[in-house]
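Listing of work.cif, mmCIF, C-alpha atoms and all ligand atoms
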```cif
data_upload
loop_
_atom_site.label_atom_id
_atom_site.label_comp_id
_atom_site.auth_asym_id
_atom_site.auth_seq_id
_atom_site.Cartn_x
_atom_site.Cartn_y
_atom_site.Cartn_z
CA MET M 1 -39.92 60.97 0.47
CA SER M 2 -41.15 57.67 1.89
CA VAL M 3 -38.96 55.99 4.46
CA ASN M 4 -38.30 52.39 3.73
CA PHE M 5 -37.80 50.71 7.14
CA MET M 6 -35.88 47.49 7.49
CA ARG M 7 -34.20 46.39 10.70
CA ASN M 8 -31.29 44.97 8.85
CA LYS M 9 -30.65 47.52 6.14
CA ILE M 10 -27.01 48.48 5.68
CA LEU M 11 -25.39 51.36 3.84
CA VAL M 12 -22.30 50.09 2.04
CA THR M 13 -19.96 52.93 1.04
CA GLY M 14 -17.46 51.86 -1.61
CA GLY M 15 -19.61 48.79 -2.26
CA ALA M 16 -18.77 48.71 -5.98
CA GLY M 17 -15.10 48.07 -5.19
CA TYR M 18 -13.19 44.84 -4.81
CA ILE M 19 -13.95 43.97 -1.18
CA GLY M 20 -17.28 45.80 -1.14
CA SER M 21 -18.73 43.85 -4.07
CA HIS M 22 -17.86 40.52 -2.44
CA THR M 23 -19.30 41.73 0.84
CA CYS M 24 -22.59 42.64 -0.84
CA ILE M 25 -22.99 39.00 -1.82
CA ALA M 26 -22.21 37.82 1.71
CA LEU M 27 -24.64 40.37 3.16
CA HIS M 28 -27.41 39.23 0.85
CA GLU M 29 -26.77 35.58 1.70
CA ALA M 30 -26.98 36.47 5.40
CA GLY M 31 -30.36 38.17 4.92
CA TYR M 32 -29.24 41.78 4.99
CA ASP M 33 -30.59 44.35 2.60
CA MET M 34 -28.24 47.06 1.38
CA VAL M 35 -27.78 50.31 -0.43
CA VAL M 36 -24.45 50.80 -2.17
CA TYR M 37 -23.02 54.32 -2.24
CA ASP M 38 -19.92 54.78 -4.41
CA ASN M 39 -18.46 57.50 -6.61
CA LEU M 40 -17.00 54.86 -8.97
CA SER M 41 -13.58 56.54 -8.76
CA ASN M 42 -11.93 53.12 -8.62
CA SER M 43 -14.68 50.76 -9.70
CA SER M 44 -17.30 50.21 -12.32
CA ARG M 45 -21.08 49.98 -12.49
CA GLU M 46 -20.55 46.57 -14.10
CA ALA M 47 -19.45 45.16 -10.73
CA ILE M 48 -22.83 46.10 -9.25
CA ASN M 49 -24.65 44.66 -12.28
CA ARG M 50 -22.82 41.38 -11.83
CA VAL M 51 -23.46 41.24 -8.09
CA SER M 52 -27.16 41.87 -8.82
CA THR M 53 -27.17 38.98 -11.30
CA LEU M 54 -25.40 36.68 -8.85
CA ILE M 55 -27.86 37.38 -6.04
CA GLY M 56 -30.87 37.45 -8.38
CA GLN M 57 -31.97 40.86 -7.19
CA ASN M 58 -31.20 44.46 -8.15
CA ILE M 59 -28.95 46.14 -5.65
CA GLU M 60 -29.93 49.70 -4.88
CA PHE M 61 -27.03 51.80 -6.08
CA VAL M 62 -26.41 55.51 -5.53
CA GLU M 63 -23.54 57.13 -7.38
CA GLY M 64 -22.14 59.71 -4.98
CA ASP M 65 -19.12 60.89 -3.05
CA ILE M 66 -18.87 60.51 0.74
CA ARG M 67 -17.75 64.17 0.85
CA ASP M 68 -21.07 65.23 -0.67
CA ILE M 69 -23.01 65.79 2.56
CA GLU M 70 -26.27 66.71 0.85
CA ALA M 71 -26.22 63.55 -1.27
CA LEU M 72 -25.51 61.49 1.85
CA ARG M 73 -28.38 63.18 3.69
CA GLN M 74 -30.72 62.24 0.90
CA VAL M 75 -29.75 58.60 1.22
CA PHE M 76 -30.09 58.60 5.02
CA SER M 77 -33.46 60.32 4.84
CA SER M 78 -34.83 57.73 2.40
CA HIS M 79 -33.78 54.66 4.39
CA GLN M 80 -33.64 53.57 7.99
CA PHE M 81 -30.20 51.99 8.28
CA PHE M 82 -29.09 49.70 11.05
CA GLY M 83 -25.52 50.64 10.27
CA VAL M 84 -22.83 51.44 7.75
CA ILE M 85 -20.00 49.38 6.33
CA HIS M 86 -17.51 51.97 5.20
CA PHE M 87 -15.20 50.73 2.44
CA ALA M 88 -15.00 53.99 0.46
CA GLY M 89 -11.43 55.16 0.28
CA LEU M 90 -8.35 55.42 -1.87
CA LYS M 91 -5.83 52.66 -1.25
CA ALA M 92 -2.64 52.99 -3.35
CA VAL M 93 0.36 53.56 -1.07
CA GLY M 94 2.61 54.99 -3.83
CA GLU M 95 -0.08 57.36 -5.05
CA SER M 96 -0.67 58.51 -1.48
CA VAL M 97 2.99 59.53 -1.20
CA ALA M 98 2.66 61.55 -4.41
CA LYS M 99 -0.77 63.00 -3.55
CA PRO M 100 -1.08 63.20 0.25
CA LEU M 101 -3.72 65.92 0.22
CA LEU M 102 -5.95 63.85 -2.03
CA TYR M 103 -5.64 60.89 0.35
CA TYR M 104 -6.29 62.85 3.54
CA ASN M 105 -9.16 64.67 1.87
CA ASN M 106 -10.81 61.54 0.53
CA ASN M 107 -10.13 59.10 3.37
CA VAL M 108 -10.14 61.34 6.45
CA ILE M 109 -12.40 64.26 5.57
CA GLY M 110 -14.71 61.88 3.68
CA THR M 111 -15.03 59.72 6.80
CA ILE M 112 -15.70 62.75 9.01
CA ASP M 113 -18.46 63.83 6.62
CA LEU M 114 -19.97 60.37 6.74
CA LEU M 115 -19.82 60.25 10.56
CA GLU M 116 -21.49 63.66 10.81
CA VAL M 117 -24.39 62.56 8.67
CA MET M 118 -24.64 59.28 10.59
CA ALA M 119 -24.86 61.28 13.83
CA GLU M 120 -27.55 63.54 12.34
CA TYR M 121 -29.68 60.50 11.54
CA ASP M 122 -28.78 58.67 14.75
CA VAL M 123 -27.17 55.75 12.93
CA LYS M 124 -24.28 54.86 15.22
CA ASN M 125 -23.18 51.40 14.12
CA LEU M 126 -20.14 51.34 11.89
CA VAL M 127 -17.81 48.72 10.44
CA PHE M 128 -14.76 50.47 9.01
CA SER M 129 -12.13 49.17 6.55
CA SER M 130 -8.88 49.58 8.40
CA SER M 131 -5.66 47.81 7.56
CA ALA M 132 -2.76 45.87 9.01
CA THR M 133 -0.69 48.76 7.74
CA VAL M 134 -1.57 50.59 10.99
CA TYR M 135 0.84 48.23 12.78
CA GLY M 136 3.83 49.52 10.78
CA ASP M 137 6.88 47.29 11.28
CA PRO M 138 5.60 44.98 14.03
CA GLU M 139 7.68 44.23 17.10
CA ASN M 140 6.07 40.82 17.63
CA LEU M 141 4.43 38.18 15.47
CA PRO M 142 1.66 37.20 15.16
CA ILE M 143 0.29 40.74 15.45
CA ASP M 144 -2.54 41.17 17.92
CA GLU M 145 -4.87 44.14 18.21
CA ASN M 146 -2.98 45.65 21.15
CA SER M 147 0.24 45.97 19.20
CA PRO M 148 1.61 49.51 18.88
CA ARG M 149 0.43 51.44 15.84
CA SER M 150 2.54 53.63 13.57
CA CYS M 151 2.53 54.42 9.88
CA THR M 152 5.09 55.68 7.43
CA ASN M 153 3.00 56.73 4.41
CA PRO M 154 -0.05 58.97 3.89
CA TYR M 155 -2.35 56.04 3.05
CA GLY M 156 -1.50 54.29 6.32
CA GLN M 157 -1.70 57.59 8.20
CA SER M 158 -5.18 58.18 6.80
CA LYS M 159 -6.34 54.81 8.21
CA LEU M 160 -4.65 55.43 11.54
CA THR M 161 -6.07 58.95 11.75
CA VAL M 162 -9.58 57.62 11.14
CA GLU M 163 -9.02 55.05 13.90
CA HIS M 164 -8.02 57.88 16.28
CA ILE M 165 -11.10 59.87 15.26
CA LEU M 166 -13.30 56.85 15.98
CA GLU M 167 -11.69 56.44 19.42
CA ASP M 168 -12.30 60.12 20.22
CA LEU M 169 -15.87 59.83 19.03
CA VAL M 170 -16.58 56.96 21.40
CA THR M 171 -14.98 58.89 24.24
CA SER M 172 -17.29 61.82 23.51
CA ASP M 173 -20.43 59.72 23.11
CA SER M 174 -20.51 56.10 24.27
CA SER M 175 -23.57 55.26 22.19
CA TRP M 176 -21.39 54.78 19.11
CA ASN M 177 -20.53 51.18 18.16
CA LEU M 178 -17.44 51.21 15.98
CA ILE M 179 -15.57 48.20 14.63
CA PRO M 180 -12.46 48.90 12.58
CA LEU M 181 -11.57 45.67 10.81
CA ARG M 182 -7.84 45.51 10.18
CA TYR M 183 -7.45 43.55 6.97
CA PHE M 184 -4.24 41.69 6.27
CA ASN M 185 -3.68 40.88 2.54
CA PRO M 186 -6.99 40.32 0.74
CA VAL M 187 -6.68 38.27 -2.45
CA GLY M 188 -8.82 35.89 -4.52
CA ALA M 189 -12.17 36.36 -6.18
CA HIS M 190 -15.72 35.07 -6.04
CA SER M 191 -15.86 31.40 -7.00
CA SER M 192 -18.25 32.21 -9.89
CA GLY M 193 -15.45 34.05 -11.70
CA GLN M 194 -17.87 36.95 -12.19
CA ILE M 195 -16.37 39.46 -9.77
CA GLY M 196 -12.81 40.07 -8.65
CA GLU M 197 -10.05 42.61 -8.30
CA ASP M 198 -9.76 44.91 -11.29
CA PRO M 199 -6.82 47.26 -10.78
CA ASN M 200 -6.38 50.32 -12.98
CA ASP M 201 -3.01 50.31 -14.73
CA ILE M 202 -0.20 47.98 -13.68
CA PRO M 203 -0.98 46.32 -10.35
CA ASN M 204 1.04 47.31 -7.28
CA ASN M 205 -0.02 44.27 -5.30
CA LEU M 206 1.44 40.81 -5.61
CA MET M 207 -1.52 38.57 -6.46
CA PRO M 208 -2.99 40.71 -9.27
CA TYR M 209 0.53 41.07 -10.65
CA ILE M 210 1.02 37.30 -10.66
CA SER M 211 -2.33 36.72 -12.35
CA GLN M 212 -1.60 39.30 -15.05
CA VAL M 213 1.72 37.58 -15.76
CA ALA M 214 -0.17 34.27 -15.93
CA VAL M 215 -2.67 35.65 -18.45
CA GLY M 216 0.11 37.13 -20.58
CA LYS M 217 -0.58 40.81 -19.93
CA LEU M 218 2.72 41.28 -18.09
CA GLU M 219 6.01 39.66 -18.94
CA LYS M 220 7.50 38.74 -15.59
CA LEU M 221 7.14 39.29 -11.88
CA SER M 222 9.74 41.24 -9.95
CA ILE M 223 10.13 39.80 -6.47
CA PHE M 224 11.14 42.67 -4.24
CA GLY M 225 13.98 41.31 -2.14
CA ASN M 226 15.26 37.81 -1.36
CA ASP M 227 17.39 38.73 1.63
CA TYR M 228 14.71 39.12 4.31
CA PRO M 229 15.07 37.05 7.50
CA THR M 230 12.25 34.72 6.40
CA ILE M 231 11.86 31.09 5.37
CA ASP M 232 13.20 31.70 1.84
CA GLY M 233 14.36 35.33 1.96
CA THR M 234 11.20 36.77 0.39
CA GLY M 235 8.56 38.79 2.24
CA VAL M 236 5.95 36.97 4.30
CA ARG M 237 2.32 38.08 4.40
CA ASP M 238 -1.02 36.84 5.70
CA PHE M 239 -3.02 36.38 2.50
CA ILE M 240 -6.75 36.10 3.12
CA HIS M 241 -9.43 35.08 0.62
CA VAL M 242 -11.77 37.97 -0.12
CA THR M 243 -14.77 35.67 0.42
CA ASP M 244 -13.60 34.94 3.97
CA LEU M 245 -12.98 38.65 4.47
CA ALA M 246 -16.49 39.46 3.25
CA GLN M 247 -17.89 36.94 5.72
CA GLY M 248 -15.94 38.72 8.47
CA HIS M 249 -18.03 41.84 7.83
CA VAL M 250 -21.24 39.87 8.21
CA SER M 251 -19.93 38.45 11.48
CA ALA M 252 -19.07 41.96 12.70
CA LEU M 253 -22.58 43.17 11.87
CA ASN M 254 -24.13 40.17 13.57
CA TYR M 255 -22.08 41.00 16.63
CA LEU M 256 -23.25 44.62 16.56
CA GLU M 257 -26.84 43.47 16.23
CA ARG M 258 -26.52 41.04 19.13
CA ARG M 259 -24.86 43.61 21.36
CA THR M 260 -27.16 46.51 20.54
CA SER M 261 -30.54 44.84 20.25
CA SER M 262 -30.58 42.31 23.04
CA THR M 263 -33.58 42.48 25.33
CA ASN M 264 -32.10 39.94 27.70
CA PRO M 265 -30.56 41.77 30.70
CA SER M 266 -28.10 38.93 31.23
CA ASP M 267 -26.61 39.75 27.81
CA MET M 268 -24.92 42.77 29.41
CA LYS M 269 -26.49 45.14 26.95
CA LYS M 270 -24.01 47.92 26.50
CA SER M 271 -22.45 49.71 23.62
CA VAL M 272 -19.53 48.20 21.80
CA GLY M 273 -17.40 51.36 21.81
CA PHE M 274 -14.25 51.19 19.72
CA LEU M 275 -13.45 47.56 18.95
CA PRO M 276 -10.61 46.92 16.49
CA ILE M 277 -10.44 43.39 15.09
CA ASN M 278 -7.88 41.74 12.81
CA LEU M 279 -9.12 39.85 9.78
CA GLY M 280 -6.38 37.47 8.75
CA THR M 281 -5.78 33.74 8.62
CA GLY M 282 -3.05 33.77 11.26
CA LYS M 283 -0.67 32.10 8.80
CA GLY M 284 2.25 33.66 6.97
CA THR M 285 3.03 32.75 3.35
CA SER M 286 6.14 33.95 1.55
CA VAL M 287 6.10 35.60 -1.86
CA LEU M 288 7.86 32.57 -3.36
CA GLU M 289 5.45 30.17 -1.68
CA LEU M 290 2.54 32.07 -3.21
CA VAL M 291 4.14 32.05 -6.67
CA ASN M 292 4.75 28.29 -6.40
CA ALA M 293 1.21 27.62 -5.17
CA PHE M 294 -0.19 29.62 -8.09
CA THR M 295 1.83 27.57 -10.58
CA GLU M 296 0.87 24.30 -8.91
CA VAL M 297 -2.85 25.11 -8.89
CA THR M 298 -3.15 26.70 -12.33
CA GLY M 299 -0.40 24.97 -14.30
CA ARG M 300 0.81 28.42 -15.38
CA ASP M 301 4.48 29.21 -15.19
CA ILE M 302 5.24 32.58 -13.59
CA PRO M 303 8.58 33.91 -14.79
CA TYR M 304 10.19 36.03 -12.09
CA GLN M 305 13.37 37.87 -11.20
CA PHE M 306 14.65 39.03 -7.84
CA THR M 307 15.09 42.78 -7.54
CA ASP M 308 15.89 45.17 -4.70
CA ARG M 309 13.58 45.46 -1.74
CA ARG M 310 10.67 47.87 -2.25
CA ALA M 311 10.99 51.00 -0.11
CA GLY M 312 8.80 50.83 2.97
CA ASP M 313 8.23 47.05 2.84
CA ILE M 314 8.61 44.96 5.98
CA ALA M 315 9.89 41.40 6.23
CA SER M 316 6.93 39.63 7.80
CA CYS M 317 3.37 40.43 8.73
CA TYR M 318 0.70 38.01 9.89
CA ALA M 319 -2.24 38.25 12.20
CA SER M 320 -3.29 36.85 15.47
CA ALA M 321 -6.85 35.99 14.45
CA ASP M 322 -7.95 34.97 17.96
CA LYS M 323 -10.05 38.04 18.76
CA ALA M 324 -12.20 37.59 15.64
CA LYS M 325 -12.69 33.94 16.55
CA VAL M 326 -13.60 34.56 20.18
CA LEU M 327 -15.77 37.66 19.76
CA LEU M 328 -17.23 37.26 16.29
CA GLY M 329 -17.13 33.48 15.94
CA TRP M 330 -15.35 34.07 12.63
CA GLN M 331 -12.31 32.42 11.15
CA ALA M 332 -10.91 32.14 7.66
CA LYS M 333 -11.73 28.86 5.95
CA LEU M 334 -10.19 29.07 2.50
CA SER M 335 -6.63 28.02 1.69
CA VAL M 336 -3.85 29.65 -0.31
CA ASN M 337 -4.66 27.17 -3.09
CA ASP M 338 -8.29 28.37 -3.09
CA MET M 339 -7.02 31.96 -3.34
CA CYS M 340 -4.88 31.06 -6.37
CA LYS M 341 -7.61 28.99 -8.05
CA ASP M 342 -10.27 31.69 -7.72
CA THR M 343 -7.93 34.50 -8.73
CA TRP M 344 -7.03 32.60 -11.85
CA TYR M 345 -10.64 31.73 -12.70
CA TRP M 346 -11.61 35.43 -12.47
CA GLN M 347 -8.54 36.59 -14.40
CA SER M 348 -8.87 34.01 -17.19
CA MET M 349 -12.61 34.63 -17.59
CA ASN M 350 -12.08 38.42 -17.54
CA PRO M 351 -8.64 39.17 -18.97
CA SER M 352 -9.53 42.87 -19.15
CA GLY M 353 -11.38 42.97 -15.84
CA TYR M 354 -14.81 44.60 -16.10
CA LYS M 355 -13.89 46.34 -19.34
CA VAL M 356 -15.09 44.67 -22.52
CA SER M 357 -11.96 43.21 -24.09
P1 LIG M 401 -11.46 49.50 -4.04
O1 LIG M 401 -10.75 50.69 -4.57
O2 LIG M 401 -11.74 48.37 -4.96
O3 LIG M 401 -12.85 49.96 -3.37
C1 LIG M 401 -13.03 51.21 -2.77
C2 LIG M 401 -14.30 51.81 -3.36
O4 LIG M 401 -14.50 53.09 -2.77
C3 LIG M 401 -14.21 52.02 -4.88
O5 LIG M 401 -15.35 51.46 -5.48
C4 LIG M 401 -14.18 53.54 -5.04
O6 LIG M 401 -14.82 53.95 -6.23
C5 LIG M 401 -14.93 53.99 -3.79
N1 LIG M 401 -14.57 55.34 -3.32
C6 LIG M 401 -13.34 55.85 -3.10
N2 LIG M 401 -13.43 57.11 -2.65
C7 LIG M 401 -14.76 57.40 -2.56
C8 LIG M 401 -15.48 58.55 -2.16
N3 LIG M 401 -14.88 59.67 -1.80
N4 LIG M 401 -16.83 58.48 -2.18
C9 LIG M 401 -17.47 57.36 -2.58
N5 LIG M 401 -16.84 56.25 -2.98
C10 LIG M 401 -15.48 56.28 -2.97
O7 LIG M 401 -10.65 49.00 -2.76
P2 LIG M 401 -10.85 47.67 -1.89
O8 LIG M 401 -9.65 46.84 -2.09
O9 LIG M 401 -12.19 47.10 -2.10
O10 LIG M 401 -10.72 48.30 -0.43
C11 LIG M 401 -11.86 48.70 0.31
C12 LIG M 401 -11.39 49.39 1.57
O11 LIG M 401 -10.54 48.51 2.30
C13 LIG M 401 -10.56 50.65 1.31
O12 LIG M 401 -10.90 51.61 2.28
C14 LIG M 401 -9.14 50.19 1.49
O13 LIG M 401 -8.29 51.23 1.91
C15 LIG M 401 -9.31 49.14 2.58
N6 LIG M 401 -8.25 48.12 2.56
C16 LIG M 401 -7.99 47.44 1.41
C17 LIG M 401 -6.97 46.49 1.39
C18 LIG M 401 -6.62 45.75 0.12
O14 LIG M 401 -5.54 45.19 0.03
N7 LIG M 401 -7.50 45.68 -0.88
C19 LIG M 401 -6.24 46.23 2.56
C20 LIG M 401 -6.55 46.92 3.72
C21 LIG M 401 -7.57 47.87 3.71
N1 LIG M 402 5.70 42.02 -3.96
C1 LIG M 402 6.62 41.62 -4.92
N2 LIG M 402 6.39 41.98 -6.21
C2 LIG M 402 5.33 42.72 -6.61
C3 LIG M 402 4.39 43.11 -5.61
C4 LIG M 402 4.63 42.77 -4.31
O1 LIG M 402 7.60 40.95 -4.60
O2 LIG M 402 5.20 43.03 -7.80
C5 LIG M 402 5.91 41.60 -2.56
C6 LIG M 402 6.06 42.76 -1.58
O3 LIG M 402 7.40 43.15 -1.50
C7 LIG M 402 5.53 42.13 -0.28
C8 LIG M 402 4.46 41.13 -0.77
O4 LIG M 402 4.74 40.90 -2.15
O5 LIG M 402 6.55 41.38 0.35
C9 LIG M 402 3.03 41.67 -0.65
O6 LIG M 402 2.96 42.95 -1.30
P1 LIG M 402 1.58 43.64 -1.64
O7 LIG M 402 1.90 44.93 -2.36
O8 LIG M 402 0.68 42.68 -2.34
O9 LIG M 402 0.93 43.93 -0.21
P2 LIG M 402 1.51 44.72 1.06
O10 LIG M 402 1.80 43.68 2.08
O11 LIG M 402 2.69 45.50 0.65
O12 LIG M 402 0.35 45.58 1.47
#
```
Structure re-expressed in structure tokens:
Amino acid sequence: MSVNFMRNKILVTGGAGYIGSHTCIALHEAGYDMVVYDNLSNSSREAINRVSTLIGQNIEFVEGDIRDIEALRQVFSSHQFFGVIHFAGLKAVGESVAKPLLYYNNNVIGTIDLLEVMAEYDVKNLVFSSSATVYGDPENLPIDENSPRSCTNPYGQSKLTVEHILEDLVTSDSSWNLIPLRYFNPVGAHSSGQIGEDPNDIPNNLMPYISQVAVGKLEKLSIFGNDYPTIDGTGVRDFIHVTDLAQGHVSALNYLERRTSSTNPSDMKKSVGFLPINLGTGKGTSVLELVNAFTEVTGRDIPYQFTDRRAGDIASCYASADKAKVLLGWQAKLSVNDMCKDTWYWQSMNPSGYKVS
């Protein structure tokens, strides 16, 4: 098989998914080339088709599972990757409680398989999708990267376990460069309205739920708790536009490239090690504030009722985004109104998501 060498070629696992598809666009715009590897367990080929149309170029797509070591080897032997952005994973907290073995198998064992193949091919640069969920119920706000970590559900545990594995890997071999990006609450969609979040079944997350109420697929929103110690009693989160989040991945790769390829001795060339970075806006928005912003921006009324708190939810969670700014030169640019506008554009253009309605 011929090896196709490009300095800036990236393997994107889970690249057909919500965040991965947006990141493919950002990578292309930044001059990276990519191969998407996804088993389509929570996504559709149509997302890749649409990304290809948007960037005016066919994305190389391999349908495969990260636990299929032979299939991964084939991909690594056909391309010379600079690094991997690893989105592939299952992400539903409730499902993880019901099916813990599935989650540990997919998210933890799958990541170990990927890391083993990366090591075999000497590809040691990784950007990993971690989550603010690793902070559990935070002691202090805003949450910085040195905050204690703890998780209460198998999904969160799978992310935290992978972080521990990455730390151990760096301890064993300092030539690894590993950046877990801890996402806060990604929402929104590409401004073209062509790609966005397409949950199976009834959404668990707030923004897709709101947009499905707005489009008439769901009757009313249940707001889980109005007795939290917050500005209006509802939960507070750090919502971040998926386009900003995607850009954060490009900034992380740029950082890895700078740190690993510098020929200037004064650049302190040394490996990055294990470098966790928050991707959030640094601002908290309450559930009610988001509902009101959505109505203001779209003109759509969102009927809601207050119900009991959801088990496992915390009152408030928002990031300190300073480390990303200082190290990566990245900060979120888009507002809560942009998040609502773009979510609604995607939802109204695609009421059935990627499925033909
Ligand atoms: P998503 O489900 O849309 O994308 C994940 C992709 O991974 C899907 O396309 C799925 O088909 C693929 N996949 C899953 N298991 C796989 C496997 N074994 N082999 C190959 N492909 C596999 O989810 P997303 O929202 O885009 O999230 C991407 C990553 O970010 C996930 O790891 C998720 O846990 C993490 N994350 C997401 C959020 C969020 O709110 N969306 C927050 C924090 C972290
Ligand atoms: N939420 C809600 N109703 C819903 C979904 C979520 O009130 O149908 C609230 C939830 O209690 C939390 C916030 O919205 O305070 C964000 O929840 P989401 O599931 O989107 O993300 P999480 O922060 O839990 O990962």
Contacts to ligand LIG 401 (chain M) at 7 Å cut-off (all atoms listed in the file) as a ChimeraX atom specification: /M:13-20,37-43,64-67,87-91,106,110,129-132,182-186,197
As a PyMOL selection string, please: the residues near segment 296-299 of chain M (cut-off 10 Å, all atoms listed in the file, same-chain neighbours under 5 positions excluded). chain M and resi 214+290-291+336-345
Okay, now the selection with C-alpha atoms, as a PDB file, keeping the file's coordinate frame?
```pdb
ATOM      1  CA  ALA M 214      -0.170  34.270 -15.930  1.00  0.00           C
ATOM      2  CA  LEU M 290       2.540  32.070  -3.210  1.00  0.00           C
ATOM      3  CA  VAL M 291       4.140  32.050  -6.670  1.00  0.00           C
ATOM      4  CA  VAL M 336      -3.850  29.650  -0.310  1.00  0.00           C
ATOM      5  CA  ASN M 337      -4.660  27.170  -3.090  1.00  0.00           C
ATOM      6  CA  ASP M 338      -8.290  28.370  -3.090  1.00  0.00           C
ATOM      7  CA  MET M 339      -7.020  31.960  -3.340  1.00  0.00           C
ATOM      8  CA  CYS M 340      -4.880  31.060  -6.370  1.00  0.00           C
ATOM      9  CA  LYS M 341      -7.610  28.990  -8.050  1.00  0.00           C
ATOM     10  CA  ASP M 342     -10.270  31.690  -7.720  1.00  0.00           C
ATOM     11  CA  THR M 343      -7.930  34.500  -8.730  1.00  0.00           C
ATOM     12  CA  TRP M 344      -7.030  32.600 -11.850  1.00  0.00           C
ATOM     13  CA  TYR M 345     -10.640  31.730 -12.700  1.00  0.00           C
TER      14      TYR M 345
END
```
Restricting to only C-alpha atoms, whichever of M:Lys99, M:Leu288, M:Ile69, M:Glu139 is closest to Ile112 of chain M is M:Ile69
Minimum-distance residue to ligand LIG 402 (chain M), chosen among M:Asn146, M:Thr133, M:Gln157, M:Gln74 (using all atoms listed in the file): M:Thr133
Name the residues in contact with Asp244 of chain M at a cut-off of 8 Å, using only C-alpha atoms, excluding same-chain residues fewer than 2 positions from it; report them as number ranges by chain. M: 240-242, 246-248, 331-334
For ligand LIG 402 (chain M), collect every residue having any atom at a distance of at most 6 Å from a ligand atom (counting all atoms listed in the file); output as a PyMOL selection string. chain M and resi 204-206+209+221-224+235-236+287+310+313
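Shortest atom-to-atom contact with Ala319 of chain M among M:Thr111, M:Asn140, M:Asn200, M:Ser192: M:Asn140, counting only C-alpha atoms.
If you look at atom CA of Leu27 of chain M and atom CA of Val250 of chain M, they are 6.1 Å away from each other.
Among the candidate residues M:Lys9, M:Arg300, M:Arg309, M:Lys124, the one lying nearest to Leu169 of chain M is M:Lys124, with distances computed using all atoms listed in the file.
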List every protein, DNA or RNA residue that has an atom no more than 12 Å from (-16.5, 60.2, 20.0) in the file's coordinate frame, counting all atoms listed in the file, and report them as a ChimeraX atom specification. /M:112,115-116,119,124,162-178,273-274
Nearest to Tyr255 of chain M among M:Ile314, M:Ile195, M:Leu327, M:Ile59, with distances taken over all atoms listed in the file: which residue is it? M:Leu327
Using all atoms of segment 171-180 of chain M that appear in the file, construct an axis-aligned enclosing box with 5 Å of padding on every side and provide its centre coordinates and edge lengths in Å, rounded to one decimal, as JSON.
```
{"center_x": -18.0, "center_y": 55.0, "center_z": 18.4, "size_x": 21.1, "size_y": 23.6, "size_z": 21.7}
```
Between atom CA of Tyr155 of chain M and atom CA of Asp238 of chain M - distance in Å to one decimal: 19.4 Å
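Atom CA of Glu46 of chain M lies 12.4 Å from atom CA of Asn58 of chain M.
Distances to Ser44 of chain M were evaluated for M:Ala189, M:Leu275, M:Val356, M:Leu253 using only C-alpha atoms, and the minimum falls at M:Val356.
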Excluding Gln57 of chain M and any residue of its chain fewer than 6 positions from it, enumerate the residues within 10 Å of it, using only C-alpha atoms, and give them as a list in words. His28, Asn49 and Val51 of chain M
Which residues come within 8 Å of Val35 of chain M, counting all atoms listed in the file, excluding same-chain residues fewer than 2 positions away, as a tab-separated table (two decimals) with C-alpha atoms, in the frame of the given file?
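Generated output (part_11.tsv):
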```
chain	number	residue	atom	x	y	z
M	9	LYS	CA	-30.65	47.52	6.14
M	10	ILE	CA	-27.01	48.48	5.68
M	11	LEU	CA	-25.39	51.36	3.84
M	12	VAL	CA	-22.30	50.09	2.04
M	33	ASP	CA	-30.59	44.35	2.60
M	37	TYR	CA	-23.02	54.32	-2.24
M	59	ILE	CA	-28.95	46.14	-5.65
M	60	GLU	CA	-29.93	49.70	-4.88
M	61	PHE	CA	-27.03	51.80	-6.08
M	62	VAL	CA	-26.41	55.51	-5.53
```
List as a short mmCIF file (atom, residue, chain, number, x, y, z; two decimals) with C-alpha atoms, keeping the file's coordinate frame the protein and nucleic acid residues near Pro208 of chain M, meaning an atom at most 9 Å away when all atoms listed in the file are counted, but skip any in the same chain fewer than 3 places from it.
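The resulting file, selection_19.cif, is shown below:
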```
data_model
loop_
_atom_site.label_atom_id
_atom_site.label_comp_id
_atom_site.auth_asym_id
_atom_site.auth_seq_id
_atom_site.Cartn_x
_atom_site.Cartn_y
_atom_site.Cartn_z
CA VAL M 187 -6.68 38.27 -2.45
CA GLY M 188 -8.82 35.89 -4.52
CA GLU M 197 -10.05 42.61 -8.30
CA ASP M 198 -9.76 44.91 -11.29
CA PRO M 199 -6.82 47.26 -10.78
CA ILE M 202 -0.20 47.98 -13.68
CA PRO M 203 -0.98 46.32 -10.35
CA ASN M 204 1.04 47.31 -7.28
CA ASN M 205 -0.02 44.27 -5.30
CA SER M 211 -2.33 36.72 -12.35
CA GLN M 212 -1.60 39.30 -15.05
CA VAL M 213 1.72 37.58 -15.76
CA THR M 343 -7.93 34.50 -8.73
CA GLN M 347 -8.54 36.59 -14.40
#
```
